[in-house]
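To be precise, the following lines are structure17.cif, and they hold mmCIF, C-alpha atoms.
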data_structure
#
loop_
_atom_site.group_PDB
_atom_site.id
_atom_site.type_symbol
_atom_site.label_atom_id
_atom_site.label_comp_id
_atom_site.auth_asym_id
_atom_site.auth_seq_id
_atom_site.Cartn_x
_atom_site.Cartn_y
_atom_site.Cartn_z
ATOM 1 C CA MET N 1 6.937 -18.005 16.395
ATOM 2 C CA SER N 2 9.148 -16.442 13.757
ATOM 3 C CA SER N 3 11.765 -13.699 13.694
ATOM 4 C CA GLN N 4 11.102 -10.759 11.396
ATOM 5 C CA THR N 5 14.529 -9.145 11.554
ATOM 6 C CA SER N 6 15.226 -9.337 7.815
ATOM 7 C CA ARG N 7 11.782 -9.019 6.206
ATOM 8 C CA SER N 8 11.104 -5.956 4.059
ATOM 9 C CA LEU N 9 8.408 -4.568 1.771
ATOM 10 C CA LYS N 10 9.306 -3.440 -1.733
ATOM 11 C CA MET N 11 8.702 0.249 -2.397
ATOM 12 C CA ASN N 12 8.075 1.852 -5.786
ATOM 13 C CA THR N 13 11.763 2.848 -5.852
ATOM 14 C CA GLY N 14 12.696 -0.829 -5.967
ATOM 15 C CA GLN N 15 14.201 -0.539 -2.494
ATOM 16 C CA GLY N 16 13.080 -2.614 0.454
ATOM 17 C CA LEU N 17 11.567 -1.002 3.552
ATOM 18 C CA PRO N 18 12.395 -3.084 6.644
ATOM 19 C CA ILE N 19 8.976 -4.144 7.883
ATOM 20 C CA ILE N 20 9.625 -3.508 11.583
ATOM 21 C CA ALA N 21 11.095 -0.186 12.697
ATOM 22 C CA LEU N 22 11.974 1.046 16.138
ATOM 23 C CA GLY N 23 10.166 4.296 16.823
ATOM 24 C CA THR N 24 12.486 6.676 18.657
ATOM 25 C CA TRP N 25 10.090 9.309 19.986
ATOM 26 C CA ALA N 26 11.012 10.448 23.498
ATOM 27 C CA PRO N 27 9.438 13.009 25.852
ATOM 28 C CA ARG N 28 10.939 16.468 26.284
ATOM 29 C CA GLU N 29 11.202 16.167 30.053
ATOM 30 C CA GLY N 30 14.618 15.985 31.683
ATOM 31 C CA THR N 31 17.278 14.144 29.708
ATOM 32 C CA ALA N 32 14.920 11.601 28.117
ATOM 33 C CA ARG N 33 15.846 12.582 24.578
ATOM 34 C CA GLU N 34 19.542 12.857 25.278
ATOM 35 C CA ASP N 35 19.565 9.451 26.984
ATOM 36 C CA ALA N 36 17.446 7.698 24.347
ATOM 37 C CA TRP N 37 20.603 6.318 22.713
ATOM 38 C CA THR N 38 20.845 3.699 25.472
ATOM 39 C CA TRP N 39 17.590 1.928 24.603
ATOM 40 C CA ILE N 40 18.057 2.530 20.878
ATOM 41 C CA LEU N 41 21.353 0.689 21.245
ATOM 42 C CA THR N 42 19.698 -2.299 22.959
ATOM 43 C CA ALA N 43 17.270 -2.451 20.027
ATOM 44 C CA LEU N 44 20.118 -2.548 17.523
ATOM 45 C CA LYS N 45 21.722 -5.334 19.542
ATOM 46 C CA ALA N 46 18.379 -7.161 19.520
ATOM 47 C CA GLY N 47 18.345 -7.102 15.720
ATOM 48 C CA TYR N 48 16.528 -3.938 14.707
ATOM 49 C CA ARG N 49 17.911 -2.516 11.483
ATOM 50 C CA HIS N 50 15.356 0.220 10.874
ATOM 51 C CA LEU N 51 15.314 3.288 13.135
ATOM 52 C CA ASP N 52 12.440 5.749 12.717
ATOM 53 C CA THR N 53 13.152 9.225 14.047
ATOM 54 C CA ALA N 54 12.168 12.829 13.289
ATOM 55 C CA GLN N 55 13.738 16.196 13.876
ATOM 56 C CA ASP N 56 10.697 17.055 15.975
ATOM 57 C CA TYR N 57 11.330 14.030 18.234
ATOM 58 C CA GLY N 58 14.664 15.493 19.315
ATOM 59 C CA THR N 59 16.320 12.067 19.064
ATOM 60 C CA GLU N 60 18.321 12.293 15.839
ATOM 61 C CA LYS N 61 21.535 12.798 17.833
ATOM 62 C CA ALA N 62 20.633 9.841 20.049
ATOM 63 C CA VAL N 63 20.148 7.699 16.936
ATOM 64 C CA ALA N 64 23.568 8.798 15.697
ATOM 65 C CA ARG N 65 25.225 7.841 18.960
ATOM 66 C CA ALA N 66 23.469 4.478 19.148
ATOM 67 C CA VAL N 67 24.522 3.538 15.612
ATOM 68 C CA LYS N 68 28.104 4.568 16.370
ATOM 69 C CA GLU N 69 28.179 2.649 19.661
ATOM 70 C CA SER N 70 26.695 -0.439 17.992
ATOM 71 C CA GLY N 71 29.700 -0.846 15.704
ATOM 72 C CA LEU N 72 27.372 -1.429 12.750
ATOM 73 C CA LYS N 73 28.181 0.018 9.363
ATOM 74 C CA ARG N 74 26.035 2.948 8.258
ATOM 75 C CA GLU N 75 24.738 0.988 5.275
ATOM 76 C CA ASP N 76 23.511 -1.783 7.549
ATOM 77 C CA VAL N 77 21.041 0.465 9.389
ATOM 78 C CA TYR N 78 18.002 1.927 7.640
ATOM 79 C CA ILE N 79 17.332 5.473 8.853
ATOM 80 C CA THR N 80 14.010 7.282 8.462
ATOM 81 C CA THR N 81 13.585 10.873 9.596
ATOM 82 C CA LYS N 82 10.977 13.557 8.999
ATOM 83 C CA LEU N 83 10.513 17.207 8.114
ATOM 84 C CA PRO N 84 8.790 19.070 10.990
ATOM 85 C CA ASN N 85 5.347 20.452 10.194
ATOM 86 C CA TYR N 86 6.652 23.953 10.974
ATOM 87 C CA HIS N 87 9.645 23.780 8.610
ATOM 88 C CA GLY N 88 7.801 23.891 5.301
ATOM 89 C CA ILE N 89 9.296 27.322 4.685
ATOM 90 C CA LYS N 90 12.850 25.980 4.963
ATOM 91 C CA VAL N 91 12.888 22.392 3.755
ATOM 92 C CA LYS N 92 16.516 22.142 2.702
ATOM 93 C CA GLU N 93 17.806 24.012 5.744
ATOM 94 C CA SER N 94 15.834 21.649 7.977
ATOM 95 C CA PHE N 95 17.076 18.596 6.110
ATOM 96 C CA ASN N 96 20.663 19.774 6.445
ATOM 97 C CA GLN N 97 20.125 20.130 10.180
ATOM 98 C CA SER N 98 18.794 16.561 10.370
ATOM 99 C CA LEU N 99 21.868 15.271 8.543
ATOM 100 C CA ALA N 100 24.090 17.214 10.934
ATOM 101 C CA ASN N 101 22.215 15.804 13.932
ATOM 102 C CA LEU N 102 22.594 12.288 12.556
ATOM 103 C CA GLY N 103 26.229 12.786 11.573
ATOM 104 C CA MET N 104 25.409 11.190 8.214
ATOM 105 C CA ASP N 105 25.589 12.301 4.604
ATOM 106 C CA TYR N 106 22.300 10.683 3.615
ATOM 107 C CA VAL N 107 19.121 9.163 5.039
ATOM 108 C CA ASP N 108 17.342 6.153 3.617
ATOM 109 C CA LEU N 109 13.867 7.664 3.832
ATOM 110 C CA TYR N 110 12.789 11.282 4.374
ATOM 111 C CA LEU N 111 9.140 11.995 5.135
ATOM 112 C CA VAL N 112 6.906 15.067 5.193
ATOM 113 C CA HIS N 113 5.644 14.654 8.769
ATOM 114 C CA PHE N 114 2.237 16.328 8.216
ATOM 115 C CA PRO N 115 0.567 17.890 5.171
ATOM 116 C CA GLN N 116 -0.096 21.271 6.828
ATOM 117 C CA VAL N 117 2.575 23.906 7.354
ATOM 118 C CA LEU N 118 2.445 25.580 10.765
ATOM 119 C CA ALA N 119 3.559 29.097 11.581
ATOM 120 C CA TYR N 120 6.559 29.168 13.882
ATOM 121 C CA ASP N 121 8.124 31.891 15.995
ATOM 122 C CA GLU N 122 11.868 31.373 15.664
ATOM 123 C CA ASN N 123 12.607 33.956 18.348
ATOM 124 C CA GLY N 124 10.219 32.422 20.843
ATOM 125 C CA ASP N 125 10.997 28.874 19.741
ATOM 126 C CA SER N 126 7.319 28.008 19.702
ATOM 127 C CA LEU N 127 4.338 27.441 17.436
ATOM 128 C CA VAL N 128 2.175 30.485 16.669
ATOM 129 C CA LYS N 129 -1.467 30.467 17.768
ATOM 130 C CA ASN N 130 -4.518 32.267 16.434
ATOM 131 C CA PRO N 131 -6.581 34.516 18.762
ATOM 132 C CA ASP N 132 -8.951 31.599 19.426
ATOM 133 C CA GLY N 133 -6.087 29.411 20.611
ATOM 134 C CA THR N 134 -5.875 27.183 17.543
ATOM 135 C CA LEU N 135 -2.539 26.679 15.822
ATOM 136 C CA LYS N 136 -1.857 29.076 12.974
ATOM 137 C CA THR N 137 -1.229 27.474 9.608
ATOM 138 C CA LEU N 138 0.292 29.039 6.498
ATOM 139 C CA ASP N 139 -1.459 29.216 3.127
ATOM 140 C CA THR N 140 1.934 29.064 1.426
ATOM 141 C CA PRO N 141 3.992 27.068 1.004
ATOM 142 C CA THR N 142 1.541 24.247 0.412
ATOM 143 C CA PHE N 143 2.494 20.601 0.728
ATOM 144 C CA VAL N 144 2.798 20.580 -3.069
ATOM 145 C CA ASP N 145 5.528 23.240 -2.771
ATOM 146 C CA VAL N 146 7.176 21.319 0.061
ATOM 147 C CA TRP N 147 7.151 18.131 -2.000
ATOM 148 C CA ALA N 148 8.919 19.852 -4.905
ATOM 149 C CA GLU N 149 11.819 20.595 -2.551
ATOM 150 C CA MET N 150 11.733 17.027 -1.247
ATOM 151 C CA GLU N 151 12.143 15.869 -4.854
ATOM 152 C CA GLU N 152 15.263 18.024 -5.189
ATOM 153 C CA ILE N 153 16.763 16.393 -2.097
ATOM 154 C CA LEU N 154 16.034 13.001 -3.670
ATOM 155 C CA ARG N 155 17.695 14.008 -6.949
ATOM 156 C CA GLU N 156 20.767 15.095 -5.017
ATOM 157 C CA GLY N 157 20.988 11.589 -3.552
ATOM 158 C CA ARG N 158 20.970 12.816 0.027
ATOM 159 C CA ALA N 159 17.751 10.891 0.645
ATOM 160 C CA LYS N 160 17.493 7.466 -0.973
ATOM 161 C CA ALA N 161 13.698 7.660 -0.910
ATOM 162 C CA ILE N 162 11.071 10.256 0.003
ATOM 163 C CA GLY N 163 7.578 9.848 1.336
ATOM 164 C CA VAL N 164 4.806 11.369 3.396
ATOM 165 C CA SER N 165 3.117 10.883 6.728
ATOM 166 C CA ASN N 166 -0.474 11.534 7.824
ATOM 167 C CA PHE N 167 -1.648 11.975 4.228
ATOM 168 C CA SER N 168 -5.215 10.973 3.370
ATOM 169 C CA ILE N 169 -6.508 9.889 -0.039
ATOM 170 C CA LYS N 170 -7.792 13.438 -0.523
ATOM 171 C CA ASN N 171 -4.393 15.023 0.016
ATOM 172 C CA LEU N 172 -2.504 12.332 -1.871
ATOM 173 C CA GLU N 173 -4.701 12.997 -4.893
ATOM 174 C CA ILE N 174 -3.907 16.712 -4.701
ATOM 175 C CA LEU N 175 -0.201 15.956 -4.374
ATOM 176 C CA LEU N 176 -0.089 13.445 -7.219
ATOM 177 C CA LYS N 177 -1.581 15.958 -9.660
ATOM 178 C CA HIS N 178 1.663 17.926 -9.349
ATOM 179 C CA ALA N 179 4.328 15.500 -8.130
ATOM 180 C CA LYS N 180 7.072 14.256 -10.409
ATOM 181 C CA VAL N 181 7.910 11.529 -7.895
ATOM 182 C CA VAL N 182 5.261 9.335 -6.292
ATOM 183 C CA PRO N 183 5.822 9.018 -2.526
ATOM 184 C CA SER N 184 7.424 5.693 -1.680
ATOM 185 C CA SER N 185 5.778 5.423 1.740
ATOM 186 C CA ASN N 186 2.911 6.903 3.732
ATOM 187 C CA GLN N 187 3.257 6.595 7.496
ATOM 188 C CA VAL N 188 -0.128 6.842 9.204
ATOM 189 C CA GLU N 189 -1.853 5.932 12.437
ATOM 190 C CA CYS N 190 -3.127 2.407 11.938
ATOM 191 C CA HIS N 191 -4.275 -0.320 14.330
ATOM 192 C CA PRO N 192 -7.234 -2.725 14.675
ATOM 193 C CA TYR N 193 -9.608 0.115 15.623
ATOM 194 C CA LEU N 194 -8.388 2.296 12.706
ATOM 195 C CA GLN N 195 -7.554 0.005 9.815
ATOM 196 C CA GLN N 196 -7.531 2.586 7.006
ATOM 197 C CA ASN N 197 -8.647 0.001 4.451
ATOM 198 C CA ASP N 198 -9.611 2.512 1.740
ATOM 199 C CA LEU N 199 -6.271 4.282 2.132
ATOM 200 C CA ARG N 200 -4.471 0.940 2.120
ATOM 201 C CA GLU N 201 -6.067 -0.031 -1.192
ATOM 202 C CA TYR N 202 -5.427 3.401 -2.724
ATOM 203 C CA CYS N 203 -1.756 3.348 -1.754
ATOM 204 C CA LYS N 204 -1.387 -0.212 -3.016
ATOM 205 C CA GLN N 205 -2.602 0.907 -6.440
ATOM 206 C CA LYS N 206 -0.023 3.707 -6.443
ATOM 207 C CA GLY N 207 2.825 1.519 -5.210
ATOM 208 C CA ILE N 208 2.995 3.419 -1.914
ATOM 209 C CA VAL N 209 3.920 1.291 1.117
ATOM 210 C CA ILE N 210 1.785 1.927 4.193
ATOM 211 C CA SER N 211 3.689 2.114 7.452
ATOM 212 C CA ALA N 212 1.730 2.114 10.712
ATOM 213 C CA TYR N 213 2.493 4.241 13.737
ATOM 214 C CA THR N 214 0.685 3.599 17.023
ATOM 215 C CA PRO N 215 0.364 0.060 15.606
ATOM 216 C CA SER N 216 -0.928 -1.524 18.827
ATOM 217 C CA GLY N 217 -3.489 1.184 19.566
ATOM 218 C CA TYR N 218 -2.121 1.476 23.105
ATOM 219 C CA ASP N 219 -4.055 -0.122 25.975
ATOM 220 C CA THR N 220 -7.304 0.952 24.300
ATOM 221 C CA VAL N 221 -6.888 -1.761 21.662
ATOM 222 C CA ARG N 222 -4.591 -4.125 23.530
ATOM 223 C CA GLY N 223 -7.319 -4.509 26.134
ATOM 224 C CA ASP N 224 -9.989 -5.540 23.629
ATOM 225 C CA PRO N 225 -11.491 -8.926 24.640
ATOM 226 C CA ALA N 226 -10.894 -10.401 21.179
ATOM 227 C CA ILE N 227 -7.218 -9.395 21.254
ATOM 228 C CA LYS N 228 -6.751 -10.743 24.776
ATOM 229 C CA GLU N 229 -8.375 -14.028 23.761
ATOM 230 C CA LEU N 230 -6.016 -14.421 20.809
ATOM 231 C CA ALA N 231 -3.011 -13.557 22.969
ATOM 232 C CA GLN N 232 -3.970 -16.377 25.301
ATOM 233 C CA LYS N 233 -4.509 -18.730 22.364
ATOM 234 C CA TYR N 234 -1.022 -18.103 20.936
ATOM 235 C CA GLY N 235 0.718 -17.730 24.263
ATOM 236 C CA VAL N 236 2.010 -14.246 23.493
ATOM 237 C CA SER N 237 1.265 -10.653 24.493
ATOM 238 C CA ALA N 238 -1.588 -8.613 23.048
ATOM 239 C CA ASN N 239 1.033 -6.405 21.399
ATOM 240 C CA GLN N 240 2.594 -9.395 19.610
ATOM 241 C CA VAL N 241 -0.805 -10.482 18.307
ATOM 242 C CA ILE N 242 -1.490 -7.033 16.870
ATOM 243 C CA LEU N 243 1.940 -6.744 15.260
ATOM 244 C CA ALA N 244 1.477 -10.211 13.731
ATOM 245 C CA TRP N 245 -1.848 -9.017 12.306
ATOM 246 C CA HIS N 246 -0.195 -5.984 10.671
ATOM 247 C CA LEU N 247 2.479 -8.154 9.085
ATOM 248 C CA ALA N 248 -0.128 -10.627 7.843
ATOM 249 C CA ARG N 249 -1.605 -7.693 5.930
ATOM 250 C CA ASP N 250 1.806 -6.694 4.493
ATOM 251 C CA ARG N 251 1.988 -3.477 6.438
ATOM 252 C CA ALA N 252 5.187 -2.073 7.929
ATOM 253 C CA VAL N 253 5.065 -1.039 11.574
ATOM 254 C CA VAL N 254 6.857 1.512 13.712
ATOM 255 C CA THR N 255 6.841 0.055 17.193
ATOM 256 C CA LYS N 256 8.170 1.939 20.193
ATOM 257 C CA SER N 257 9.677 0.271 23.248
ATOM 258 C CA SER N 258 12.592 1.173 25.485
ATOM 259 C CA ASN N 259 12.377 -2.196 27.265
ATOM 260 C CA GLU N 260 14.919 -4.733 26.012
ATOM 261 C CA GLY N 261 12.649 -7.719 26.574
ATOM 262 C CA ARG N 262 9.714 -6.195 24.722
ATOM 263 C CA GLN N 263 12.024 -5.060 21.926
ATOM 264 C CA LYS N 264 12.968 -8.691 21.364
ATOM 265 C CA ASP N 265 9.335 -9.807 21.612
ATOM 266 C CA ASN N 266 8.417 -7.415 18.797
ATOM 267 C CA PHE N 267 10.542 -9.493 16.431
ATOM 268 C CA ASN N 268 9.293 -12.881 17.575
ATOM 269 C CA LEU N 269 5.726 -13.044 16.381
ATOM 270 C CA PRO N 270 3.192 -15.808 15.886
ATOM 271 C CA THR N 271 1.799 -16.675 12.470
ATOM 272 C CA LEU N 272 -1.919 -16.022 12.808
ATOM 273 C CA ALA N 273 -4.480 -18.366 11.302
ATOM 274 C CA GLN N 274 -6.513 -16.628 8.596
ATOM 275 C CA GLU N 275 -9.639 -16.902 10.705
ATOM 276 C CA ASP N 276 -7.885 -14.947 13.457
ATOM 277 C CA VAL N 277 -6.718 -12.291 11.001
ATOM 278 C CA GLU N 278 -10.357 -11.946 9.964
ATOM 279 C CA LYS N 279 -11.452 -11.739 13.579
ATOM 280 C CA ILE N 280 -9.168 -8.734 14.103
ATOM 281 C CA ASN N 281 -10.294 -7.269 10.774
ATOM 282 C CA GLY N 282 -13.779 -7.145 12.287
ATOM 283 C CA LEU N 283 -12.691 -4.750 15.048
ATOM 284 C CA ASP N 284 -12.396 -1.698 12.801
ATOM 285 C CA ARG N 285 -14.340 1.315 14.053
ATOM 286 C CA GLY N 286 -12.483 4.231 12.458
ATOM 287 C CA GLN N 287 -11.243 5.397 15.850
ATOM 288 C CA ARG N 288 -8.222 7.669 16.023
ATOM 289 C CA ILE N 289 -6.299 7.415 19.274
ATOM 290 C CA CYS N 290 -2.969 9.175 18.748
ATOM 291 C CA ASN N 291 -3.629 12.068 16.358
ATOM 292 C CA LYS N 292 -7.302 12.851 16.753
ATOM 293 C CA ALA N 293 -9.418 15.994 16.679
ATOM 294 C CA ASP N 294 -9.148 18.232 19.717
ATOM 295 C CA GLU N 295 -12.141 19.763 21.491
ATOM 296 C CA LYS N 296 -12.411 22.395 18.730
ATOM 297 C CA GLY N 297 -12.277 19.814 15.949
ATOM 298 C CA PHE N 298 -8.705 20.510 14.848
ATOM 299 C CA CYS N 299 -5.629 18.331 14.424
ATOM 300 C CA TRP N 300 -2.410 20.331 14.311
ATOM 301 C CA GLY N 301 -4.205 23.419 13.012
ATOM 302 C CA TRP N 302 -6.353 21.749 10.373
ATOM 303 C CA THR N 303 -9.964 20.598 10.462
ATOM 304 C CA MET N 304 -10.805 16.966 9.819
ATOM 305 C CA GLU N 305 -12.095 18.039 6.402
ATOM 306 C CA GLN N 306 -8.736 19.579 5.545
ATOM 307 C CA MET N 307 -6.956 16.458 6.759
ATOM 308 C CA GLY N 308 -9.260 14.346 4.614
ATOM 309 C CA TRP N 309 -10.190 12.291 7.665
#

Here is the file; what I need is its structure written in the form of structure tokens.
Amino acid sequence: MSSQTSRSLKMNTGQGLPIIALGTWAPREGTAREDAWTWILTALKAGYRHLDTAQDYGTEKAVARAVKESGLKREDVYITTKLPNYHGIKVKESFNQSLANLGMDYVDLYLVHFPQVLAYDENGDSLVKNPDGTLKTLDTPTFVDVWAEMEEILREGRAKAIGVSNFSIKNLEILLKHAKVVPSSNQVECHPYLQQNDLREYCKQKGIVISAYTPSGYDTVRGDPAIKELAQKYGVSANQVILAWHLARDRAVVTKSSNEGRQKDNFNLPTLAQEDVEKINGLDRGQRICNKADEKGFCWGWTMEQMGW
């Protein structure tokens, strides 16, 4: 077993991305988002130094409070946040709001949460739908336009690095034809059932660090017989086995837990034998679990073809 509290992956900016981040998504119900600072604080006390949030998660203020309560210096905590997929028409305004929520004058990493830009009703505070019930997307601005504004934020020094999330090879290729700055990171759904090997190789060639969300694949993957067998072999949880597999492949992970014990477990991982890494490699089936096509074949307003999936 080894602790991974200080390990990082080098990005194309020369900066290190802490390899294990605490995901800070929280449900809208009740005071879950407001109270999230309590379990974010336990994670900081457990050794986490990378907090992954998003304006759309509603937890930026909770992150701010947890960092303040922890007594840690701002520069000792790596903060990632994201541009909502319905704020493409007001990138800088949205970024300023994130900074205000965080009570900080910069973030370490700012991501475009999704490539598509959704229509949003500011008066109704809700996403706009087409007559058929699908989410309405905008033709302009495109993610190329959004990225140009992200580059300005980077030049201003208010984000130390910029990147993307949920970008396929197809959309990265479109972006890179116009971008002046290559994204430093691409955060995507990735787990043993969805290994994204082609994307991993493409990003490696471009110096883009892959960061995995939904890294364990929920109970769907954690309950796989091969995973359960390896957990028994190493005397750890299925989740620890899967996280160890990600790290063996030099992939950063965003792992979410509000339980103090499991937060600590996520840092204490076994070193898998190569044969066991290969065994998990063999589980790939291209199965999306978190962000997958709905019954009409759309994901956040785009078809799978548009997503490049």

Using all atoms listed in the file: which of N:Gly261, N:Ile162, N:Pro270, N:Lys206 has the shortest distance to Val236 in chain N: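 Under the stated criterion, the closest residue is N:Pro270.
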
field: Protein and nucleic acid residues near (9.4, 22.2, -3.1) (cut-off 12 Å, all atoms listed in the file) as a ChimeraX atom specification
entry: /N:87-92,112,140-154,175,178-181

Ground truth for the PyMOL selection byres ((chain N and resi 249) around 12), written as a ChimeraX atom specification: /N:9,19,190-192,195-197,200-201,204,209-212,242-248,250-253,271-272,274,277-278,280-281

For the selection you just gave me, I'd like the residues written to a file as a CSV table (one decimal), in the frame of the given file, keeping C-alpha atoms.
chain,number,residue,atom,x,y,z
N,9,LEU,CA,8.4,-4.6,1.8
N,19,ILE,CA,9.0,-4.1,7.9
N,190,CYS,CA,-3.1,2.4,11.9
N,191,HIS,CA,-4.3,-0.3,14.3
N,192,PRO,CA,-7.2,-2.7,14.7
N,195,GLN,CA,-7.6,0.0,9.8
N,196,GLN,CA,-7.5,2.6,7.0
N,197,ASN,CA,-8.6,0.0,4.5
N,200,ARG,CA,-4.5,0.9,2.1
N,201,GLU,CA,-6.1,0.0,-1.2
N,204,LYS,CA,-1.4,-0.2,-3.0
N,209,VAL,CA,3.9,1.3,1.1
N,210,ILE,CA,1.8,1.9,4.2
N,211,SER,CA,3.7,2.1,7.5
N,212,ALA,CA,1.7,2.1,10.7
N,242,ILE,CA,-1.5,-7.0,16.9
N,243,LEU,CA,1.9,-6.7,15.3
N,244,ALA,CA,1.5,-10.2,13.7
N,245,TRP,CA,-1.8,-9.0,12.3
N,246,HIS,CA,-0.2,-6.0,10.7
N,247,LEU,CA,2.5,-8.2,9.1
N,248,ALA,CA,-0.1,-10.6,7.8
N,250,ASP,CA,1.8,-6.7,4.5
N,251,ARG,CA,2.0,-3.5,6.4
N,252,ALA,CA,5.2,-2.1,7.9
N,253,VAL,CA,5.1,-1.0,11.6
N,271,THR,CA,1.8,-16.7,12.5
N,272,LEU,CA,-1.9,-16.0,12.8
N,274,GLN,CA,-6.5,-16.6,8.6
N,277,VAL,CA,-6.7,-12.3,11.0
N,278,GLU,CA,-10.4,-11.9,10.0
N,280,ILE,CA,-9.2,-8.7,14.1
N,281,ASN,CA,-10.3,-7.3,10.8

task: Could you jot down the CA of Asp224 in chain N to CA of Met307 in chain N separation for me, Å, one decimal place?
output: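 Separating CA of Asp224 in chain N from CA of Met307 in chain N is a distance of 27.9 Å.
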
- prompt: In Å, how far is it from CA of Tyr120 in chain N to CA of Asp139 in chain N?
  reply: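 Rounded to one decimal, the two atoms are 13.4 Å apart.
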
message: Set the distance at 6 Å and use all atoms listed in the file: which residues neighbour range 62-65 of chain N once local chain neighbours fewer than 5 positions away are removed? I'd like the list as a count of residues only.
response: 3

- request: Using only C-alpha atoms, give me every residue within 8 Å of (23.4, 12.5, 3.8) in file coordinates, as a list in words.
  value: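 Answer for this query, in the requested form: Leu99, Met104, Asp105, Tyr106, Val107, Gly157, Arg158 and Ala159 of chain N.
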
Around all listed atoms of range 177-193 of chain N, padded 4 Å per side, what centre and edge lengths does the axis-aligned box have in Å to one decimal, as lines of an AutoDock Vina configuration file?
center_x = -0.8
center_y = 7.6
center_z = 2.6
size_x = 25.5
size_y = 28.7
size_z = 34.0

Run the PyMOL selection byres ((chain N and resi 258) around 12) mentally over the shown coordinates, then write out the matched residues as a compact mmCIF listing (two decimals) with C-alpha atoms, keeping the file's coordinate frame, using the chain letters and numbers from the document.
# COMPACT_ATOMS: atom_id res chain seq x y z
CA LEU N 22 11.97 1.05 16.14
CA GLY N 23 10.17 4.30 16.82
CA THR N 24 12.49 6.68 18.66
CA TRP N 25 10.09 9.31 19.99
CA ALA N 26 11.01 10.45 23.50
CA ALA N 32 14.92 11.60 28.12
CA ARG N 33 15.85 12.58 24.58
CA ASP N 35 19.57 9.45 26.98
CA ALA N 36 17.45 7.70 24.35
CA TRP N 37 20.60 6.32 22.71
CA THR N 38 20.84 3.70 25.47
CA TRP N 39 17.59 1.93 24.60
CA ILE N 40 18.06 2.53 20.88
CA LEU N 41 21.35 0.69 21.24
CA THR N 42 19.70 -2.30 22.96
CA ALA N 43 17.27 -2.45 20.03
CA LEU N 44 20.12 -2.55 17.52
CA ALA N 46 18.38 -7.16 19.52
CA THR N 255 6.84 0.06 17.19
CA LYS N 256 8.17 1.94 20.19
CA SER N 257 9.68 0.27 23.25
CA ASN N 259 12.38 -2.20 27.26
CA GLU N 260 14.92 -4.73 26.01
CA GLY N 261 12.65 -7.72 26.57
CA ARG N 262 9.71 -6.20 24.72
CA GLN N 263 12.02 -5.06 21.93
CA LYS N 264 12.97 -8.69 21.36
CA ASN N 266 8.42 -7.42 18.80

task: Any chance you could resolve the PyMOL selection byres ((chain N and resi 13) around 9) against this file and give the residues as a PyMOL selection string?
output: chain N and resi 10-12+14-16+160-161+184

query: By how many Å are CA of Ser8 in chain N and CA of Lys73 in chain N apart?
result: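 Computing the Euclidean distance for CA of Ser8 in chain N and CA of Lys73 in chain N yields 18.9 Å.
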
field: Selected residue, from N:Leu269, N:Val241, N:Leu194, N:Ala226, that lies nearest to Gln287 in chain N when counting all atoms listed in the file
entry: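 Ranked by minimum distance to Gln287 in chain N, first place goes to N:Leu194.
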
query: With all atoms listed in the file as the basis for distance, which of N:Ala54, N:Ile227, N:Ser237, N:Glu122 is at the shortest distance from Gly282 in chain N?
result: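 Under the stated criterion, the closest residue is N:Ile227.
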
task: For Asp219 in chain N, please output as a list of chain:residue names all residues within 12 Å (counting all atoms listed in the file; exclusion window: fewer than 2 positions along the same chain).
output: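 What passes the distance filter is N:His191, N:Tyr193, N:Thr214, N:Pro215, N:Ser216, N:Gly217, N:Val221, N:Arg222, N:Gly223, N:Asp224, N:Pro225, N:Ile227, N:Lys228, N:Ser237, N:Ala238, N:Asn239, N:Ile242, N:Ile289, N:Cys290.
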
- prompt: Do you know which residues are at most 9 Å from Trp309 in chain N counting only C-alpha atoms, after dropping those on the same chain fewer than 6 positions away, and could you put them as a list of chain:residue names?
  reply: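 Those residues are N:Ser168, N:Ile169, N:Lys170, N:Thr303.
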
Residues of the last selection are to be written out with C-alpha atoms, as a PDB file, in the frame of the given file.
ATOM      1  CA  SER N 168      -5.215  10.973   3.370  1.00  0.00           C
ATOM      2  CA  ILE N 169      -6.508   9.889  -0.039  1.00  0.00           C
ATOM      3  CA  LYS N 170      -7.792  13.438  -0.523  1.00  0.00           C
ATOM      4  CA  THR N 303      -9.964  20.598  10.462  1.00  0.00           C
TER       5      THR N 303
END
